[in-house]
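Next comes my_file-v5.txt, a file with compact mmCIF, C-alpha atoms.
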```
# COMPACT_ATOMS: atom_id res chain seq x y z
CA MET A 1 44.91 -21.39 152.59
CA GLU A 2 42.57 -24.35 152.21
CA LYS A 3 41.14 -24.68 148.73
CA LYS A 4 37.35 -24.39 148.53
CA ARG A 5 34.76 -25.26 145.93
CA VAL A 6 32.94 -21.96 145.45
CA VAL A 7 29.73 -21.79 143.41
CA ILE A 8 28.07 -18.51 142.45
CA ILE A 9 24.58 -18.59 140.93
CA GLY A 10 23.99 -15.34 139.08
CA ASN A 11 26.20 -13.26 136.82
CA SER A 12 24.86 -9.75 137.38
CA ALA A 13 25.90 -7.01 139.82
CA ALA A 14 26.06 -9.07 143.04
CA GLY A 15 27.49 -12.23 141.52
CA LEU A 16 30.21 -10.45 139.55
CA ALA A 17 31.19 -8.25 142.51
CA ALA A 18 31.45 -11.31 144.77
CA LEU A 19 33.53 -13.22 142.23
CA GLU A 20 36.03 -10.40 141.77
CA THR A 21 36.33 -9.59 145.47
CA PHE A 22 36.80 -13.24 146.44
CA ARG A 23 39.40 -13.84 143.73
CA LYS A 24 41.50 -10.90 144.93
CA LYS A 25 41.80 -12.61 148.31
CA ASP A 26 41.89 -16.25 147.21
CA GLN A 27 43.63 -17.23 143.98
CA GLU A 28 43.61 -20.98 144.68
CA SER A 29 40.01 -22.02 145.29
CA LYS A 30 37.90 -23.34 142.44
CA ILE A 31 35.09 -21.01 141.34
CA THR A 32 32.13 -22.05 139.21
CA LEU A 33 29.75 -19.36 137.97
CA ILE A 34 26.28 -20.44 136.84
CA ASP A 35 23.77 -18.26 135.01
CA GLN A 36 20.57 -18.93 133.11
CA GLU A 37 21.38 -16.34 130.43
CA PRO A 38 23.95 -17.23 127.75
CA TYR A 39 25.86 -13.94 128.01
CA PRO A 40 28.81 -12.63 130.00
CA ALA A 41 27.94 -9.94 132.57
CA TYR A 42 26.11 -6.89 131.22
CA SER A 43 24.57 -3.77 132.73
CA ARG A 44 20.83 -4.09 133.19
CA VAL A 45 20.51 -0.48 134.32
CA ILE A 46 21.47 0.92 130.91
CA THR A 47 19.22 -1.30 128.79
CA PRO A 48 16.75 1.62 128.30
CA TYR A 49 19.56 3.55 126.58
CA PHE A 50 20.18 0.54 124.34
CA ILE A 51 16.48 0.58 123.33
CA MET A 52 16.67 4.33 122.78
CA GLY A 53 19.65 3.94 120.45
CA GLY A 54 22.14 5.67 122.72
CA ILE A 55 24.25 2.51 122.82
CA LYS A 56 25.33 1.18 119.46
CA GLY A 57 24.86 -2.56 119.47
CA GLU A 58 24.28 -4.91 122.38
CA GLU A 59 28.05 -5.30 122.89
CA GLY A 60 27.96 -1.83 124.45
CA LEU A 61 26.02 -3.31 127.38
CA PHE A 62 28.63 -5.90 128.33
CA LEU A 63 30.73 -5.33 131.44
CA ARG A 64 33.06 -8.28 130.79
CA ASP A 65 33.77 -10.64 127.90
CA LYS A 66 34.01 -14.44 128.01
CA ASN A 67 37.81 -14.38 128.02
CA TYR A 68 37.74 -12.39 131.24
CA TYR A 69 36.35 -15.32 133.23
CA LYS A 70 39.09 -17.60 131.94
CA SER A 71 41.70 -15.07 132.99
CA MET A 72 40.18 -15.11 136.49
CA GLY A 73 40.33 -18.90 136.65
CA VAL A 74 36.55 -19.16 136.72
CA ARG A 75 34.59 -22.01 135.16
CA THR A 76 31.37 -20.68 133.62
CA LEU A 77 28.09 -22.47 132.99
CA PHE A 78 26.21 -19.88 130.95
CA GLY A 79 22.75 -20.77 129.64
CA THR A 80 22.28 -23.27 132.49
CA GLU A 81 19.14 -23.48 134.60
CA VAL A 82 19.34 -24.20 138.32
CA LEU A 83 16.53 -26.53 139.40
CA GLY A 84 17.27 -26.80 143.11
CA ILE A 85 19.79 -26.93 145.97
CA ASP A 86 20.52 -30.11 147.92
CA THR A 87 21.71 -28.48 151.13
CA GLN A 88 22.49 -31.78 152.82
CA LYS A 89 24.77 -33.07 150.05
CA ARG A 90 25.94 -29.48 149.29
CA GLU A 91 25.08 -29.74 145.60
CA VAL A 92 23.46 -27.39 143.09
CA LEU A 93 20.99 -29.32 140.93
CA LEU A 94 21.15 -28.31 137.27
CA ASP A 95 19.20 -29.07 134.12
CA GLN A 96 19.99 -32.27 132.25
CA GLU A 97 20.33 -34.01 135.64
CA LYS A 98 23.75 -32.46 136.28
CA LYS A 99 25.02 -31.54 139.75
CA GLU A 100 27.62 -29.04 140.95
CA PRO A 101 29.13 -29.68 144.43
CA PHE A 102 30.09 -26.74 146.65
CA ASP A 103 31.69 -25.81 149.94
CA LEU A 104 30.61 -22.18 149.68
CA LEU A 105 27.58 -20.97 147.75
CA LEU A 106 26.28 -17.53 146.78
CA ILE A 107 22.73 -17.23 145.47
CA ALA A 108 22.44 -14.05 143.42
CA THR A 109 19.64 -15.03 141.04
CA GLY A 110 18.01 -11.59 140.95
CA SER A 111 14.32 -11.06 140.27
CA SER A 112 11.75 -11.26 137.49
CA PRO A 113 9.18 -8.67 136.37
CA ILE A 114 5.54 -9.07 137.35
CA ARG A 115 3.06 -9.26 134.48
CA PRO A 116 -0.48 -8.44 135.71
CA LYS A 117 -3.49 -10.52 134.76
CA ILE A 118 -5.71 -8.62 132.31
CA ARG A 119 -8.77 -10.15 130.71
CA GLY A 120 -8.40 -10.49 126.94
CA ILE A 121 -4.62 -10.52 126.73
CA LYS A 122 -2.05 -13.24 127.36
CA LYS A 123 0.58 -12.43 129.97
CA GLU A 124 3.42 -12.92 127.49
CA GLU A 125 1.89 -10.23 125.25
CA ILE A 126 2.49 -7.63 127.96
CA GLY A 127 5.88 -6.00 127.63
CA VAL A 128 8.41 -5.96 130.48
CA LEU A 129 12.05 -4.92 130.84
CA ARG A 130 14.43 -6.89 133.01
CA ASN A 131 17.00 -8.59 130.81
CA LEU A 132 18.74 -8.35 127.46
CA GLU A 133 16.13 -10.41 125.60
CA HIS A 134 13.42 -8.04 126.81
CA ALA A 135 15.51 -5.06 125.71
CA LYS A 136 16.13 -6.49 122.24
CA HIS A 137 12.41 -7.19 121.82
CA LEU A 138 11.50 -3.62 122.81
CA LYS A 139 14.15 -2.16 120.53
CA ASP A 140 12.75 -4.12 117.57
CA LEU A 141 9.22 -3.10 118.54
CA LYS A 142 9.91 0.63 118.91
CA PRO A 143 9.39 1.69 115.26
CA LYS A 144 6.21 -0.41 115.03
CA VAL A 145 4.19 1.08 117.91
CA GLN A 146 2.65 4.55 118.15
CA LYS A 147 0.06 4.15 120.92
CA VAL A 148 1.62 2.69 124.06
CA LEU A 149 0.00 2.27 127.46
CA PHE A 150 2.21 1.92 130.54
CA LEU A 151 0.96 0.17 133.66
CA GLY A 152 2.63 1.50 136.80
CA GLY A 153 4.31 4.82 137.51
CA GLY A 154 7.67 3.60 138.80
CA LEU A 155 11.16 4.07 137.41
CA VAL A 156 10.97 1.08 135.05
CA SER A 157 7.83 2.44 133.37
CA LEU A 158 9.24 5.96 133.03
CA GLN A 159 12.64 4.81 131.77
CA THR A 160 10.99 2.51 129.23
CA LEU A 161 8.61 5.28 128.16
CA GLN A 162 11.62 7.50 127.55
CA ALA A 163 13.28 4.72 125.55
CA LEU A 164 10.22 4.02 123.35
CA TYR A 165 9.16 7.65 122.93
CA ARG A 166 8.85 9.06 119.41
CA LYS A 167 7.41 12.39 118.41
CA GLY A 168 3.84 12.03 117.23
CA GLY A 169 3.19 8.97 119.37
CA GLN A 170 0.46 8.66 122.00
CA TYR A 171 1.70 7.61 125.42
CA THR A 172 -0.47 7.00 128.47
CA ILE A 173 0.59 6.08 132.02
CA VAL A 174 -1.98 4.38 134.24
CA VAL A 175 -1.20 4.22 137.96
CA LYS A 176 -3.22 2.90 140.90
CA SER A 177 -1.71 5.38 143.36
CA ASN A 178 -2.35 9.12 143.53
CA HIS A 179 1.07 10.12 142.14
CA LEU A 180 3.99 8.98 140.01
CA LEU A 181 7.09 7.38 141.53
CA SER A 182 5.20 6.81 144.78
CA GLN A 183 7.90 4.49 146.11
CA ILE A 184 10.71 7.05 145.85
CA LEU A 185 9.09 10.52 145.89
CA ASP A 186 6.54 12.35 147.99
CA GLN A 187 3.47 13.80 146.29
CA GLU A 188 4.88 17.33 146.03
CA ALA A 189 8.09 16.16 144.35
CA SER A 190 6.08 13.91 142.06
CA GLU A 191 4.04 16.87 140.83
CA PHE A 192 7.19 18.44 139.38
CA VAL A 193 7.78 15.24 137.38
CA GLU A 194 4.14 15.04 136.30
CA ARG A 195 4.15 18.62 134.98
CA HIS A 196 7.37 17.89 133.11
CA LEU A 197 5.79 14.89 131.37
CA GLU A 198 2.58 16.73 130.56
CA LYS A 199 4.58 19.40 128.71
CA ILE A 200 5.70 16.82 126.17
CA GLY A 201 2.23 15.34 125.75
CA ILE A 202 2.36 12.34 128.10
CA ARG A 203 -1.08 11.53 129.50
CA LEU A 204 -1.25 10.45 133.14
CA LEU A 205 -4.26 8.68 134.65
CA LYS A 206 -4.06 8.32 138.45
CA ARG A 207 -6.06 6.00 140.70
CA ARG A 208 -6.92 3.90 137.67
CA ASP A 209 -6.20 0.38 136.38
CA VAL A 210 -6.67 -1.60 133.17
CA VAL A 211 -9.15 -4.46 133.58
CA GLN A 212 -9.63 -5.73 130.03
CA LEU A 213 -8.31 -5.63 126.47
CA ARG A 214 -10.80 -5.84 123.60
CA ARG A 215 -9.94 -6.39 119.95
CA LYS A 216 -12.13 -4.79 117.27
CA ARG A 217 -11.28 -5.30 113.60
CA GLY A 218 -7.55 -5.37 114.23
CA THR A 219 -7.68 -2.56 116.78
CA LYS A 220 -6.82 -3.08 120.47
CA ILE A 221 -8.90 -1.24 123.06
CA ALA A 222 -7.80 -1.09 126.71
CA ILE A 223 -10.73 -0.83 129.13
CA LEU A 224 -10.09 0.97 132.42
CA ASP A 225 -11.85 0.27 135.71
CA ASN A 226 -13.96 3.43 135.24
CA GLY A 227 -15.14 2.27 131.80
CA GLU A 228 -12.87 4.57 129.77
CA GLU A 229 -11.56 3.10 126.52
CA ILE A 230 -8.06 3.76 125.14
CA GLU A 231 -6.83 2.57 121.76
CA VAL A 232 -3.40 0.94 122.06
CA ASP A 233 -0.76 -0.80 119.98
CA PHE A 234 1.14 -2.17 122.94
CA ILE A 235 0.90 -2.50 126.73
CA PHE A 236 3.98 -2.33 128.96
CA ALA A 237 4.00 -3.29 132.65
CA GLY A 238 6.32 -1.72 135.19
CA LYS A 239 4.48 -3.22 138.16
CA GLY A 240 7.39 -4.41 140.25
CA VAL A 241 9.43 -7.59 140.48
CA GLU A 242 9.54 -10.82 142.44
CA PRO A 243 12.75 -12.54 143.64
CA ASN A 244 13.79 -15.68 141.76
CA ILE A 245 13.46 -18.21 144.60
CA LYS A 246 11.08 -20.86 143.24
CA PHE A 247 13.95 -23.33 142.81
CA LEU A 248 14.52 -23.22 146.60
CA LYS A 249 11.11 -24.66 147.55
CA ARG A 250 12.46 -28.08 148.53
CA SER A 251 15.66 -26.81 150.11
CA LYS A 252 16.15 -25.94 153.78
CA ILE A 253 17.11 -22.35 152.95
CA GLN A 254 14.70 -20.00 154.69
CA THR A 255 12.71 -17.60 152.52
CA GLN A 256 9.83 -15.16 152.85
CA ARG A 257 9.45 -12.77 149.93
CA GLY A 258 13.13 -13.33 149.20
CA ILE A 259 15.99 -15.25 150.83
CA LEU A 260 16.43 -14.36 154.49
CA VAL A 261 19.99 -13.35 155.42
CA ASN A 262 21.73 -12.05 158.54
CA HIS A 263 24.16 -9.13 158.92
CA PHE A 264 26.89 -11.21 157.25
CA LEU A 265 24.51 -11.83 154.30
CA GLU A 266 24.56 -15.51 155.22
CA THR A 267 21.40 -17.61 155.12
CA ASN A 268 20.24 -19.89 157.94
CA LEU A 269 22.73 -22.46 156.62
CA GLU A 270 26.44 -21.94 157.17
CA GLY A 271 28.46 -21.18 154.06
CA ILE A 272 25.40 -20.38 151.93
CA TYR A 273 24.96 -16.67 151.17
CA ALA A 274 22.51 -14.51 149.22
CA ALA A 275 22.93 -11.02 147.75
CA GLY A 276 21.26 -8.59 145.36
CA ASP A 277 17.58 -8.50 144.41
CA VAL A 278 16.93 -12.01 145.69
CA ALA A 279 18.05 -11.29 149.28
CA GLU A 280 15.97 -9.83 152.10
CA THR A 281 18.64 -7.73 153.79
CA PRO A 282 18.56 -5.45 156.87
CA ASP A 283 17.41 -1.89 156.20
CA PHE A 284 19.99 0.84 156.90
CA PHE A 285 17.75 2.62 159.43
CA THR A 286 15.37 0.07 160.94
CA GLN A 287 17.39 -3.15 160.44
CA GLU A 288 14.14 -4.80 159.36
CA ARG A 289 14.53 -7.10 156.36
CA VAL A 290 13.76 -5.36 153.06
CA LEU A 291 13.81 -5.98 149.31
CA TYR A 292 14.90 -2.83 147.46
CA GLY A 293 16.36 -4.26 144.24
CA LEU A 294 19.02 -1.56 143.74
CA TRP A 295 22.08 -1.98 141.52
CA PRO A 296 24.52 -0.14 143.88
CA SER A 297 23.24 -2.18 146.84
CA ALA A 298 23.74 -5.40 144.89
CA ILE A 299 27.37 -4.48 144.18
CA GLU A 300 27.98 -3.55 147.82
CA GLN A 301 26.42 -6.80 149.02
CA GLY A 302 28.35 -8.87 146.49
CA GLU A 303 31.65 -7.35 147.60
CA LEU A 304 30.86 -8.11 151.25
CA VAL A 305 29.94 -11.73 150.46
CA GLY A 306 33.17 -12.09 148.45
CA ARG A 307 35.20 -11.00 151.48
CA ASN A 308 33.22 -13.18 153.87
CA MET A 309 33.55 -16.27 151.67
CA ALA A 310 37.31 -15.60 151.68
CA GLY A 311 37.40 -15.79 155.47
CA GLU A 312 36.51 -12.33 156.73
CA ARG A 313 33.51 -11.56 158.91
CA GLY A 314 32.34 -8.23 157.55
CA VAL A 315 28.99 -6.84 158.71
CA TYR A 316 26.54 -5.33 156.26
CA PRO A 317 25.57 -1.82 157.46
CA GLY A 318 22.12 -2.09 155.91
CA ASN A 319 20.41 -1.43 152.62
CA LEU A 320 20.17 2.33 152.04
CA ARG A 321 17.50 3.16 149.50
CA MET A 322 18.87 5.37 146.71
CA ASN A 323 17.47 5.99 143.23
CA VAL A 324 18.98 8.35 140.68
CA THR A 325 17.72 8.87 137.15
CA ARG A 326 17.01 11.39 134.42
CA ILE A 327 13.59 11.38 132.75
CA PHE A 328 13.34 13.41 129.53
CA GLY A 329 16.21 15.58 130.74
CA LEU A 330 14.85 16.04 134.27
CA PRO A 331 17.31 14.85 136.98
CA ILE A 332 15.65 13.00 139.88
CA ALA A 333 17.26 11.64 143.04
CA SER A 334 15.84 10.02 146.16
CA ILE A 335 17.99 8.90 149.08
CA GLY A 336 17.12 7.36 152.41
CA ASP A 337 14.03 7.97 154.51
CA PHE A 338 11.62 10.80 153.81
CA ARG A 339 8.22 9.53 155.01
CA SER A 340 8.47 7.28 158.09
CA SER A 341 7.98 8.16 161.76
CA TRP A 342 11.77 8.56 162.02
CA VAL A 343 11.48 11.91 160.22
CA GLY A 344 11.45 14.63 162.87
CA GLU A 345 12.04 17.76 160.79
CA VAL A 346 11.82 18.65 157.11
CA LEU A 347 13.68 21.37 155.16
CA ILE A 348 12.19 22.26 151.77
CA LYS A 349 13.32 24.57 148.99
CA LYS A 350 11.34 24.78 145.75
CA ASP A 351 11.15 26.94 142.66
CA GLU A 352 8.21 25.97 140.46
CA LYS A 353 9.25 28.25 137.60
CA ARG A 354 12.64 26.57 137.30
CA GLY A 355 11.30 23.16 138.26
CA HIS A 356 13.59 22.85 141.28
CA TYR A 357 12.64 20.90 144.41
CA ARG A 358 14.88 19.93 147.33
CA LYS A 359 13.68 18.25 150.50
CA LEU A 360 15.99 17.25 153.36
CA CYS A 361 14.75 15.09 156.22
CA LEU A 362 16.28 15.05 159.70
CA ASP A 363 15.48 12.65 162.52
CA GLN A 364 14.57 13.61 166.09
CA ASN A 365 18.27 14.08 166.91
CA GLY A 366 18.95 16.33 163.92
CA ILE A 367 20.71 13.60 161.89
CA LEU A 368 20.23 13.80 158.12
CA ILE A 369 18.34 10.66 157.04
CA GLY A 370 16.80 11.46 153.67
CA ALA A 371 16.76 13.73 150.63
CA LEU A 372 14.58 14.28 147.57
CA LEU A 373 16.08 16.26 144.69
CA ILE A 374 14.37 17.37 141.48
CA ASN A 375 16.34 19.23 138.79
CA GLN A 376 19.12 20.25 141.21
CA VAL A 377 21.25 17.25 142.12
CA GLU A 378 24.78 18.66 142.17
CA ASP A 379 25.31 17.67 145.80
CA LEU A 380 23.96 14.15 145.47
CA GLY A 381 27.22 12.39 146.34
CA VAL A 382 27.85 14.57 149.37
CA LEU A 383 24.29 14.13 150.63
CA HIS A 384 24.66 10.39 150.27
CA GLY A 385 27.87 10.53 152.30
CA LEU A 386 26.25 12.59 155.05
CA ILE A 387 23.40 10.09 155.39
CA ARG A 388 25.76 7.11 155.29
CA GLU A 389 27.98 8.67 157.96
CA ARG A 390 24.93 9.63 160.07
CA LYS A 391 26.05 13.28 160.26
CA SER A 392 24.06 16.06 161.92
CA GLY A 393 21.99 18.25 159.64
CA GLU A 394 21.34 21.02 162.14
CA ILE A 395 23.56 23.51 160.29
CA LEU A 396 21.39 23.01 157.20
CA LYS A 397 18.60 25.03 158.77
CA SER A 398 20.40 28.26 157.88
CA LYS A 399 18.52 29.82 154.95
CA ALA A 400 21.77 31.29 153.63
CA LEU A 401 22.94 27.78 152.80
CA TRP A 402 20.14 27.28 150.27
CA ARG A 403 21.21 30.03 147.90
CA SER A 404 23.17 27.87 145.49
CA PRO A 405 24.33 24.29 145.05
CA ILE A 406 27.99 25.48 145.13
CA HIS A 407 27.76 26.96 148.63
CA TYR A 408 25.60 24.03 149.69
CA GLY A 409 28.10 21.45 148.46
CA PHE A 410 31.07 23.20 150.07
CA LEU A 411 29.28 23.18 153.41
CA PHE A 412 28.47 19.46 153.19
CA LYS A 413 32.07 18.60 152.36
CA THR A 414 33.14 20.61 155.40
CA ILE A 415 30.72 18.65 157.61
CA LEU A 416 31.96 15.33 156.22
CA GLN A 417 35.55 16.28 156.95
CA GLY A 418 34.59 16.92 160.57
CA ARG A 419 35.24 20.65 160.63
CA MET A 420 31.69 21.49 161.80
```

Is it possible to give me this structure as structure tokens?
Amino acid sequence: MEKKRVVIIGNSAAGLAALETFRKKDQESKITLIDQEPYPAYSRVITPYFIMGGIKGEEGLFLRDKNYYKSMGVRTLFGTEVLGIDTQKREVLLDQEKKEPFDLLLIATGSSPIRPKIRGIKKEEIGVLRNLEHAKHLKDLKPKVQKVLFLGGGLVSLQTLQALYRKGGQYTIVVKSNHLLSQILDQEASEFVERHLEKIGIRLLKRRDVVQLRRKRGTKIAILDNGEEIEVDFIFAGKGVEPNIKFLKRSKIQTQRGILVNHFLETNLEGIYAAGDVAETPDFFTQERVLYGLWPSAIEQGELVGRNMAGERGVYPGNLRMNVTRIFGLPIASIGDFRSSWVGEVLIKKDEKRGHYRKLCLDQNGILIGALLINQVEDLGVLHGLIRERKSGEILKSKALWRSPIHYGFLFKTILQGRM
């Protein structure tokens, strides 16, 4: 096998998965891993638990240690900023005027949180959560703040709220939309989550935004667009992310919101790939390019790129949207498509007293394409498999199958095994 110079930019889910998959197939090629952060790979998805105190010490976040990379024969450039890509000379341009040549390149630089512009407050004063430095800052801040305002009603806001929450504190969520988690839940499912938060004293303001922060004698006052004033110690923004692609402006790599890739996760230039949050990949259903920013998708994409860089020609089946979390003890799961024109039929089971909500979505041909689950997620893995395998959901219309998760799960396993 011909030795290659492989460069991977990014040391999170996609980059690490690509490195490990490639190395299993090619033990001879030179691999250089570049990352702006000074740490070995760590799990971003569990940083809220670190802030909460559920993980003792930041070392509990790390997925690998520095010796691991040496054992894999990988040269690491941690704490190194990438300034650009010279696609003609096939070189990565680094800080301090250094250059790293490559034959094969993976760009897995992830994304950065969006801090909104608010009159009266500097952007850097608004809290965000995306990396370990953010998490350490929030952990240090937790005992010092009692009145926290959260901008945005997505998963990042709710997970950070859960991490910062202390009894006796005042917590307010301000969202522009008409319900929480609008990207992953329908309005009816969201209402179950909203009632759950209200029970523990979380205040939710919908169709509202913060337009200004005033300071009066050491007190901070957030001004909403309807004129309401809320006293705050701290403002946190969970308003989405933007792919880290600014360093590609002068390159010939095609971008829109993120880096454009084909079904092999290759860019418009041969031998240059992109994966994870930075890549606009085909959607599982529509094949239109999407940016979902999901940890499992990043791993799947990284593994595929690792195989393709090693000489295979694997095709990416598409980015299947899936979000799973637990907010103040309430399990929430959202998989696939539940709101587009592809949805032909909907099956719903709900129990407001128990806080249970299950919604299954079938397309015009009776194929299961989406599911929303609140407080009853025992069959999550099987549902995911059914959607991935594009299995018929016609049998799910039987009301007898909705009696318990045990019967439900047994049926789905039977369908997956091809016995129905």

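Using all atoms listed in the file, the nearest neighbour of Leu362 of chain A within the list A:Arg214, A:Lys349, A:Lys147, A:Arg339 is A:Arg339.
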
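Between Lys3 of chain A and the candidates A:Ser29, A:Thr21, A:Asn319, A:Ser340, the tightest atom-to-atom separation, counting all atoms listed in the file, involves A:Ser29.
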
Considering only C-alpha atoms, can you say which of A:Leu33, A:Gly381, A:Gly152, A:Thr109 comes closest to Glu20 of chain A? A:Leu33

What is the atom CA of Val74 of chain A-atom CA of Arg5 of chain A distance in Å, reported with one decimal? 11.2 Å

Residue neighbourhood Gly127 of chain A, 9 Å, all atoms listed in the file, exclusion window fewer than 5 positions, as an MDAnalysis selection string: chainID A and resid 115 134 137:138 234:238

Limited to C-alpha atoms, could you put the picked residues into a file as a PDB file, in the frame of the given file?
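Output (result.pdb):
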```pdb
ATOM      1  CA  ARG A 115       3.060  -9.260 134.480  1.00  0.00           C
ATOM      2  CA  HIS A 134      13.420  -8.040 126.810  1.00  0.00           C
ATOM      3  CA  HIS A 137      12.410  -7.190 121.820  1.00  0.00           C
ATOM      4  CA  LEU A 138      11.500  -3.620 122.810  1.00  0.00           C
ATOM      5  CA  PHE A 234       1.140  -2.170 122.940  1.00  0.00           C
ATOM      6  CA  ILE A 235       0.900  -2.500 126.730  1.00  0.00           C
ATOM      7  CA  PHE A 236       3.980  -2.330 128.960  1.00  0.00           C
ATOM      8  CA  ALA A 237       4.000  -3.290 132.650  1.00  0.00           C
ATOM      9  CA  GLY A 238       6.320  -1.720 135.190  1.00  0.00           C
TER      10      GLY A 238
END
```

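The neighbours of Ile332 of chain A here are the residues that come within 8 Å of it, using only C-alpha atoms and leaving out any residue fewer than 4 positions away in the same chain; they are Asn323, Val324, Thr325, Arg326, Ile327, Leu372, Leu373, Ile374, Asn375 and Val377 of chain A.
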
Starting from the incomplete input, reconstruct N, CA and C atoms of segment 230-248 of chain A and write that as a compact mmCIF listing (two decimals), keeping the file's coordinate frame.
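So part37.txt came out as:
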```txt
# COMPACT_ATOMS: atom_id res chain seq x y z
N ILE A 230 -9.25 3.16 125.73
CA ILE A 230 -8.06 3.76 125.14
C ILE A 230 -7.53 2.84 124.05
N GLU A 231 -7.39 3.37 122.86
CA GLU A 231 -6.83 2.57 121.76
C GLU A 231 -5.32 2.43 121.96
N VAL A 232 -4.82 1.19 121.82
CA VAL A 232 -3.40 0.94 122.06
C VAL A 232 -2.82 0.02 120.99
N ASP A 233 -1.51 0.16 120.80
CA ASP A 233 -0.76 -0.80 119.98
C ASP A 233 -0.05 -1.82 120.87
N PHE A 234 0.27 -1.36 122.09
CA PHE A 234 1.14 -2.17 122.94
C PHE A 234 0.94 -1.77 124.40
N ILE A 235 1.00 -2.76 125.29
CA ILE A 235 0.90 -2.50 126.73
C ILE A 235 2.20 -2.93 127.40
N PHE A 236 2.75 -2.04 128.21
CA PHE A 236 3.98 -2.33 128.96
C PHE A 236 3.67 -2.29 130.45
N ALA A 237 4.23 -3.23 131.21
CA ALA A 237 4.00 -3.29 132.65
C ALA A 237 5.28 -3.02 133.43
N GLY A 238 5.24 -1.98 134.24
CA GLY A 238 6.32 -1.72 135.19
C GLY A 238 5.72 -1.82 136.58
N LYS A 239 5.27 -3.01 136.94
CA LYS A 239 4.48 -3.22 138.16
C LYS A 239 5.27 -3.93 139.25
N GLY A 240 6.59 -3.78 139.21
CA GLY A 240 7.39 -4.41 140.25
C GLY A 240 7.99 -5.73 139.83
N VAL A 241 8.74 -6.34 140.76
CA VAL A 241 9.43 -7.59 140.48
C VAL A 241 9.23 -8.56 141.65
N GLU A 242 9.56 -9.82 141.39
CA GLU A 242 9.54 -10.82 142.44
C GLU A 242 10.85 -11.60 142.41
N PRO A 243 11.47 -11.83 143.58
CA PRO A 243 12.75 -12.54 143.64
C PRO A 243 12.67 -13.93 143.03
N ASN A 244 13.72 -14.35 142.38
CA ASN A 244 13.79 -15.68 141.76
C ASN A 244 14.18 -16.73 142.80
N ILE A 245 13.19 -17.25 143.52
CA ILE A 245 13.46 -18.21 144.60
C ILE A 245 12.66 -19.51 144.46
N LYS A 246 11.93 -19.67 143.37
CA LYS A 246 11.08 -20.86 143.24
C LYS A 246 11.89 -22.15 143.31
N PHE A 247 13.12 -22.12 142.83
CA PHE A 247 13.95 -23.33 142.81
C PHE A 247 14.39 -23.75 144.22
N LEU A 248 14.11 -22.92 145.22
CA LEU A 248 14.52 -23.22 146.60
C LEU A 248 13.41 -23.88 147.42
```
